[in-house]
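Trainee: coords-v4.tsv (TSV, C-alpha atoms) pasted underneath:
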chain	number	residue	atom	x	y	z
A	1460	MET	CA	40.33	1.84	-3.45
A	1461	CYS	CA	41.86	-1.43	-2.39
A	1462	LYS	CA	43.31	-2.09	1.00
A	1463	THR	CA	47.04	-2.56	1.02
A	1464	ILE	CA	48.37	-4.96	3.58
A	1465	LYS	CA	51.79	-3.93	4.83
A	1466	THR	CA	53.89	-6.56	6.55
A	1467	ARG	CA	57.17	-5.75	8.18
A	1468	TYR	CA	59.91	-8.28	8.69
A	1469	ALA	CA	63.00	-8.08	10.85
A	1470	ASP	CA	66.29	-7.66	9.08
A	1471	VAL	CA	67.77	-11.01	8.19
A	1472	ARG	CA	71.48	-11.19	8.96
A	1473	ILE	CA	73.50	-14.28	8.11
A	1474	PHE	CA	76.75	-14.74	9.96
A	1475	TYR	CA	79.36	-17.17	8.85
A	1476	TYR	CA	82.36	-18.38	10.71
A	1477	LEU	CA	85.26	-19.79	8.75
A	1478	CYS	CA	87.19	-22.28	10.77
A	1479	ASN	CA	90.57	-23.29	9.30
A	1480	CYS	CA	89.15	-23.22	5.71
A	1481	ALA	CA	86.83	-26.17	6.52
A	1482	MET	CA	84.36	-24.90	3.97
A	1483	ASN	CA	85.48	-23.85	0.50
A	1484	LYS	CA	84.08	-20.92	-1.47
A	1485	GLU	CA	81.75	-23.04	-3.60
A	1486	LYS	CA	80.06	-24.60	-0.57
A	1487	MET	CA	79.68	-21.16	1.00
A	1488	ASN	CA	77.91	-19.86	-2.09
A	1489	GLN	CA	75.58	-22.87	-2.12
A	1490	LEU	CA	74.68	-22.35	1.54
A	1491	ARG	CA	74.08	-18.63	1.03
A	1492	THR	CA	71.78	-19.34	-1.94
A	1493	ARG	CA	69.73	-21.89	0.02
A	1494	ARG	CA	69.25	-19.53	2.98
A	1495	ILE	CA	68.28	-16.53	0.88
A	1496	THR	CA	65.82	-18.66	-1.12
A	1497	ALA	CA	64.22	-19.88	2.13
A	1498	VAL	CA	63.81	-16.31	3.42
A	1499	VAL	CA	62.19	-15.17	0.14
A	1500	TRP	CA	59.69	-18.05	0.18
A	1501	MET	CA	58.77	-17.38	3.81
A	1502	THR	CA	58.18	-13.72	3.01
A	1503	LEU	CA	55.95	-14.50	0.03
A	1504	ILE	CA	53.94	-17.16	1.84
A	1505	THR	CA	53.39	-15.07	4.97
A	1506	GLY	CA	52.39	-12.00	2.96
A	1507	THR	CA	49.91	-14.03	0.89
A	1508	ILE	CA	48.28	-15.60	3.96
A	1509	GLY	CA	47.97	-12.18	5.64
A	1510	ALA	CA	46.41	-10.59	2.55
A	1511	GLN	CA	43.84	-13.38	2.21
A	1512	ASN	CA	42.43	-12.52	5.64
A	1513	PHE	CA	41.48	-8.98	4.58
A	1514	LEU	CA	38.97	-7.65	2.10
A	1515	ASN	CA	39.86	-6.04	-1.18
A	1516	VAL	CA	37.54	-3.08	-1.66
A	1517	LYS	CA	36.78	-0.99	-4.73
A	1518	GLN	CA	34.99	2.35	-4.78
A	1519	TYR	CA	32.06	2.86	-7.16
A	1520	THR	CA	30.29	6.16	-7.81
A	1521	CYS	CA	27.11	7.32	-9.51
A	1522	ARG	CA	26.04	10.94	-9.96
A	1523	ARG	CA	23.01	12.00	-12.01
A	1524	GLN	CA	20.81	15.06	-12.21
A	1525	GLU	CA	17.44	15.31	-13.92
A	1526	GLU	CA	14.75	18.00	-13.71
A	1527	GLY	CA	16.25	19.62	-10.64
A	1528	VAL	CA	16.78	16.34	-8.74
A	1529	LEU	CA	20.37	15.41	-7.88
A	1530	VAL	CA	21.36	11.87	-6.89
A	1531	SER	CA	24.93	11.18	-5.77
A	1532	MET	CA	26.22	7.81	-4.53
A	1533	LYS	CA	29.67	6.69	-3.45
A	1534	VAL	CA	30.13	3.12	-2.30
A	1535	ASP	CA	33.10	1.10	-1.03
A	1536	PHE	CA	32.26	-2.40	-2.26
A	1537	PRO	CA	34.16	-5.61	-1.36
A	1538	VAL	CA	35.43	-7.47	-4.41
A	1539	GLU	CA	37.55	-10.20	-2.82
A	1540	GLY	CA	37.57	-12.02	0.51
A	1541	ASN	CA	35.77	-14.67	2.55
A	1542	VAL	CA	32.66	-15.81	0.62
A	1543	ALA	CA	30.27	-15.73	3.60
A	1544	LEU	CA	31.53	-12.29	4.58
A	1545	LEU	CA	31.22	-10.95	1.03
A	1546	ARG	CA	27.65	-12.22	0.85
A	1547	SER	CA	26.62	-10.55	4.12
A	1548	VAL	CA	28.22	-7.20	3.25
A	1549	ASP	CA	26.66	-7.36	-0.24
A	1550	GLN	CA	23.18	-7.89	1.25
A	1551	TRP	CA	23.61	-5.01	3.70
A	1552	ILE	CA	24.85	-2.64	1.00
A	1553	CYS	CA	21.99	-3.57	-1.35
A	1554	LYS	CA	19.47	-3.05	1.47
A	1555	THR	CA	20.99	0.36	2.16
A	1556	LEU	CA	20.67	1.23	-1.53
A	1557	ASP	CA	17.09	-0.14	-1.60
A	1558	VAL	CA	17.78	-2.71	-4.32
A	1559	ASP	CA	17.42	-6.49	-4.29
A	1560	ALA	CA	20.68	-8.34	-3.65
A	1561	PRO	CA	21.57	-11.15	-6.10
A	1562	LYS	CA	21.03	-14.68	-4.78
A	1563	THR	CA	24.75	-15.32	-5.16
A	1564	PHE	CA	27.56	-12.82	-4.72
A	1565	MET	CA	28.52	-11.33	-8.10
A	1566	GLN	CA	30.93	-8.42	-7.88
A	1567	ASP	CA	30.59	-7.67	-11.61
A	1568	ARG	CA	26.88	-6.91	-11.18
A	1569	PHE	CA	27.30	-4.22	-8.56
A	1570	PRO	CA	27.77	-1.25	-10.96
A	1571	GLU	CA	24.45	-2.22	-12.57
A	1572	LEU	CA	22.74	-2.35	-9.16
A	1573	LEU	CA	24.16	1.05	-8.25
A	1574	GLN	CA	22.77	2.54	-11.45
A	1575	GLN	CA	19.44	0.88	-10.71
A	1576	SER	CA	19.31	2.48	-7.26
A	1577	CYS	CA	20.27	5.85	-8.72
A	1578	SER	CA	17.53	5.66	-11.36
A	1579	ARG	CA	14.88	4.64	-8.83
A	1580	TYR	CA	15.53	7.67	-6.64
A	1581	LEU	CA	15.46	10.00	-9.63
A	1582	GLN	CA	12.04	8.66	-10.57
A	1583	GLU	CA	10.43	8.12	-7.16
A	1584	SER	CA	12.00	10.13	-4.37
A	1585	GLY	CA	10.48	13.54	-5.00
A	1586	LYS	CA	13.41	15.13	-3.14
A	1587	SER	CA	15.66	17.86	-4.45
A	1588	SER	CA	18.74	15.77	-3.61
A	1589	HIS	CA	19.59	12.29	-2.40
A	1590	THR	CA	23.14	11.49	-1.27
A	1591	VAL	CA	24.46	8.08	-0.24
A	1592	GLU	CA	27.94	7.32	1.06
A	1593	ILE	CA	28.96	3.82	2.15
A	1594	THR	CA	32.45	3.62	3.62
A	1595	TRP	CA	34.72	0.73	4.52
A	1596	SER	CA	35.67	2.08	7.95
A	1597	PHE	CA	37.56	-0.54	9.92
A	1598	GLU	CA	39.04	-4.02	9.69
A	1599	ASP	CA	41.06	-6.27	11.95
A	1600	PRO	CA	41.60	-10.05	12.04
A	1601	GLY	CA	38.21	-10.69	13.68
A	1602	CYS	CA	35.78	-8.27	12.04
A	1603	VAL	CA	35.15	-5.64	9.38
A	1604	THR	CA	32.97	-2.53	9.59
A	1605	PHE	CA	31.10	-0.48	6.99
A	1606	GLU	CA	29.31	2.80	7.71
A	1607	SER	CA	26.55	4.45	5.70
A	1608	THR	CA	25.22	7.99	5.56
A	1609	ILE	CA	22.09	8.87	3.57
A	1610	MET	CA	21.00	12.49	3.24
A	1611	ASP	CA	17.65	13.48	1.71
A	1612	LYS	CA	17.19	17.19	1.14
A	1613	ASP	CA	13.97	18.98	0.34
A	1614	SER	CA	12.65	21.82	2.49
A	1615	VAL	CA	14.70	20.24	5.31
A	1616	THR	CA	17.51	17.69	5.36
A	1617	TRP	CA	16.97	14.24	6.86
A	1618	THR	CA	19.94	12.03	7.67
A	1619	THR	CA	20.05	8.26	8.14
A	1620	GLU	CA	23.23	6.70	9.52
A	1621	ASP	CA	24.19	3.10	10.12
A	1622	CYS	CA	27.28	1.21	11.26
A	1623	ALA	CA	27.49	-2.52	10.48
A	1624	THR	CA	30.25	-4.76	11.83
A	1625	PHE	CA	30.55	-8.27	10.41
A	1626	SER	CA	32.26	-11.35	11.80
A	1627	LYS	CA	35.07	-12.72	9.65
A	1628	LYS	CA	34.37	-16.25	10.86
A	1629	ASP	CA	30.94	-16.70	9.30
A	1630	GLY	CA	29.96	-13.27	7.95
A	1631	HIS	CA	27.07	-12.55	10.33
A	1632	ARG	CA	26.37	-8.98	11.41
A	1633	ILE	CA	27.55	-8.60	14.99
A	1634	THR	CA	24.78	-7.68	17.42
A	1635	ALA	CA	24.72	-5.33	20.40
A	1636	GLY	CA	24.63	-8.35	22.72
A	1637	GLU	CA	27.87	-9.67	21.23
A	1638	ILE	CA	29.65	-6.37	21.89
A	1639	PHE	CA	28.13	-5.15	25.17
A	1640	LYS	CA	27.79	-7.21	28.34
A	1641	CYS	CA	25.75	-4.58	30.20
A	1642	ASP	CA	22.04	-3.81	30.07
A	1643	LYS	CA	20.34	-1.34	27.73
A	1644	GLN	CA	20.14	1.37	30.39
A	1645	GLN	CA	23.92	1.49	30.73
A	1646	ILE	CA	24.27	1.70	26.93
A	1647	LYS	CA	21.83	4.63	26.93
A	1648	GLN	CA	23.88	6.39	29.61
A	1649	LEU	CA	26.98	6.04	27.43
A	1650	MET	CA	25.05	7.36	24.43
A	1651	TRP	CA	23.89	10.37	26.43
A	1652	GLN	CA	27.43	11.05	27.64
A	1653	PHE	CA	28.73	11.00	24.05
A	1654	ARG	CA	25.77	12.62	22.27
A	1655	GLY	CA	28.05	15.50	21.23
A	1656	ASN	CA	26.32	18.00	18.96
A	1657	LEU	CA	23.34	15.78	18.18
A	1658	ALA	CA	20.06	17.56	18.90
A	1659	MET	CA	18.00	15.41	21.26
A	1660	GLU	CA	14.33	14.53	20.83
A	1661	VAL	CA	14.05	13.42	24.47
A	1662	PRO	CA	15.11	15.09	27.75
A	1663	THR	CA	16.81	12.13	29.48
A	1664	ALA	CA	19.05	9.17	28.63
A	1665	SER	CA	16.43	6.64	29.75
A	1666	GLN	CA	14.11	7.76	26.95
A	1667	LEU	CA	16.62	7.05	24.20
A	1668	TYR	CA	16.50	3.83	22.23
A	1669	ALA	CA	19.71	1.89	21.61
A	1670	GLY	CA	19.77	0.38	18.15
A	1671	ASP	CA	22.43	-1.44	16.14
A	1672	VAL	CA	26.03	-1.36	17.33
A	1673	GLY	CA	29.31	-1.35	15.42
A	1674	LEU	CA	33.05	-1.07	16.04
A	1675	ILE	CA	35.62	1.23	14.48
A	1676	ASP	CA	39.15	1.99	15.61
A	1677	GLY	CA	38.91	3.70	19.00
A	1678	TRP	CA	35.12	3.93	19.09
A	1679	VAL	CA	31.95	1.95	19.71
A	1680	ILE	CA	29.10	3.18	17.51
A	1681	VAL	CA	25.49	2.93	18.68
A	1682	ILE	CA	22.61	3.95	16.42
A	1683	GLY	CA	19.93	6.00	18.14
A	1684	PRO	CA	17.46	8.88	17.73
A	1685	ALA	CA	18.19	12.55	17.06
A	1686	VAL	CA	16.39	15.53	15.58
A	1687	ARG	CA	16.00	15.21	11.79
A	1688	HIS	CA	17.64	11.80	11.82
A	1689	SER	CA	16.10	8.45	10.96
A	1690	GLY	CA	19.08	6.97	12.79
A	1691	ALA	CA	22.10	8.80	14.20
A	1692	GLU	CA	25.57	7.60	15.16
A	1693	TYR	CA	26.49	7.97	18.83
A	1694	ARG	CA	30.29	7.63	18.95
A	1695	ILE	CA	31.40	6.29	22.32
A	1696	ARG	CA	35.10	6.29	23.20
A	1697	TYR	CA	36.32	2.70	23.36
A	1698	GLU	CA	38.31	3.16	26.56
A	1699	VAL	CA	35.24	4.59	28.33
A	1700	ALA	CA	32.97	1.80	27.07
A	1701	GLU	CA	35.52	-0.97	27.67
A	1702	PRO	CA	34.36	-1.96	31.21
A	1703	TYR	CA	30.94	-2.75	29.67
A	1704	LEU	CA	32.21	-4.67	26.63
A	1705	ARG	CA	32.79	-8.33	25.92
A	1706	THR	CA	36.45	-7.76	25.16
A	1707	PRO	CA	38.34	-10.73	23.68
A	1708	LYS	CA	41.78	-11.76	24.83
A	1709	GLY	CA	44.69	-10.77	22.62
A	1710	GLY	CA	43.89	-7.09	22.08
A	1711	ASP	CA	41.41	-7.38	19.18
A	1712	TYR	CA	38.09	-5.54	19.21
A	1713	TYR	CA	35.99	-8.62	18.52
A	1714	SER	CA	36.29	-12.41	18.55
A	1715	ASP	CA	33.77	-15.19	17.92
A	1716	SER	CA	35.38	-17.13	20.75
A	1717	PRO	CA	33.10	-17.57	23.80
A	1718	ASP	CA	36.13	-16.86	26.02
A	1719	LYS	CA	35.51	-13.13	26.34
A	1720	GLY	CA	35.40	-10.81	29.33
Show this structure as structure tokens.
Mentor:
Amino acid sequence: MCKTIKTRYADVRIFYYLCNCAMNKEKMNQLRTRRITAVVWMTLITGTIGAQNFLNVKQYTCRRQEEGVLVSMKVDFPVEGNVALLRSVDQWICKTLDVDAPKTFMQDRFPELLQQSCSRYLQESGKSSHTVEITWSFEDPGCVTFESTIMDKDSVTWTTEDCATFSKKDGHRITAGEIFKCDKQQIKQLMWQFRGNLAMEVPTASQLYAGDVGLIDGWVIVIGPAVRHSGAEYRIRYEVAEPYLRTPKGGDYYSDSPDKG
């Protein structure tokens, strides 16, 4: 699945005024041709520049079953974009799949790595099922976010969730300190407020741990503890969290600029 960038342009209306036949029909046609050509070139150039700022993503799947063990994987993998960003996302995805990332980014090798991960779990996991889903969840001009959900089922089901947001400037994974400007205790209070249906292992917010943090449209995601989770997503409403965030100017969710609130 590849992201489609949609750009809208205002209607272009060309008005001509004929004053006492000062311009003949041939000159009018020449002027019209020049103006239309200019508009077309501006449209193509602007659309190309906008598309280059966003990832192209392709979905890969792997599903195998042997001797009662089912392994199912579905991964949104970036195939085109900023080199540093591609490298960082590639490393995170490979870590999530428990395979070694190539030293250099090679999109053509990913199907082989996915099969390798699938085969390893069939041979080593000892679980009745292993499900992995990695989703391209959010992107704006400053950052891009991928989420992962891993479910291992045997006598009980264990879930591991993660949310990784990457800077488009240099590809680094954005940390909690780059998103929040408050202390850990305030983050824990927000997590407790938005724990939803997650079953808690602790009786109070202060006993939670606040792990990695990510951004998706309308939400701040914090990874923390929950019953039968190796990491659970706490989805905090952006407008509630906003007073505690390092919000950039201009309305984006994230900016590498130090000029943030």
Trainee: For CA of Ala1623 in chain A and CA of Trp1551 in chain A, determine how far apart the two atoms are, in Å to one decimal place.
Mentor: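 It comes out at 8.2 Å.
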Trainee: Mind listing as a PyMOL selection string all residues within 10 Å of (16.6, 8.1, -9.2), counting all atoms listed in the file?
Mentor: chain A and resi 1522-1525+1528-1531+1574-1586+1588-1589
Trainee: Using CA of Gly1630 in chain A and CA of Asp1549 in chain A as the two end points, give the distance in Å to one decimal.
Mentor: 10.6 Å
Trainee: Separation of CA of Cys1641 in chain A and CA of Pro1702 in chain A, in Å?
Mentor: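 Between CA of Cys1641 in chain A and CA of Pro1702 in chain A the gap is 9.1 Å.
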Trainee: Pick the closest to Asp1676 in chain A from A:Leu1514, A:Ile1593, A:Val1534, A:Cys1602: which is it, counting all atoms listed in the file?
Mentor: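 Ranked by minimum distance to Asp1676 in chain A, first place goes to A:Cys1602.
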Trainee: With only C-alpha atoms as the counted atoms, please give the residues lying no more than 12 Å from Lys1627 in chain A, apart from itself and same-chain residues fewer than 4 positions off, as a PyMOL selection string.
Mentor: chain A and resi 1511-1514+1540-1548+1598-1604+1631-1633+1713-1716
Trainee: With a distance cut-off of 8 Å and all atoms listed in the file, select the neighbouring residues of Tyr1668 in chain A, excluding the residue or stretch itself and same-chain residues fewer than 6 positions from it, and output the selection as a ChimeraX atom specification.
Mentor: /A:1647,1683-1684
Trainee: Excluding same-chain residues fewer than 5 positions from Val1615 in chain A, what lies within 12 Å of it counting all atoms listed in the file, as an mmCIF file with C-alpha atoms, keeping the file's coordinate frame?
Mentor:
data_model
loop_
_atom_site.group_PDB
_atom_site.id
_atom_site.type_symbol
_atom_site.label_atom_id
_atom_site.label_comp_id
_atom_site.auth_asym_id
_atom_site.auth_seq_id
_atom_site.Cartn_x
_atom_site.Cartn_y
_atom_site.Cartn_z
ATOM 1 C CA LYS A 1586 13.410 15.130 -3.140
ATOM 2 C CA SER A 1587 15.660 17.860 -4.450
ATOM 3 C CA SER A 1588 18.740 15.770 -3.610
ATOM 4 C CA MET A 1610 21.000 12.490 3.240
ATOM 5 C CA VAL A 1686 16.390 15.530 15.580
ATOM 6 C CA ARG A 1687 16.000 15.210 11.790
ATOM 7 C CA HIS A 1688 17.640 11.800 11.820
#
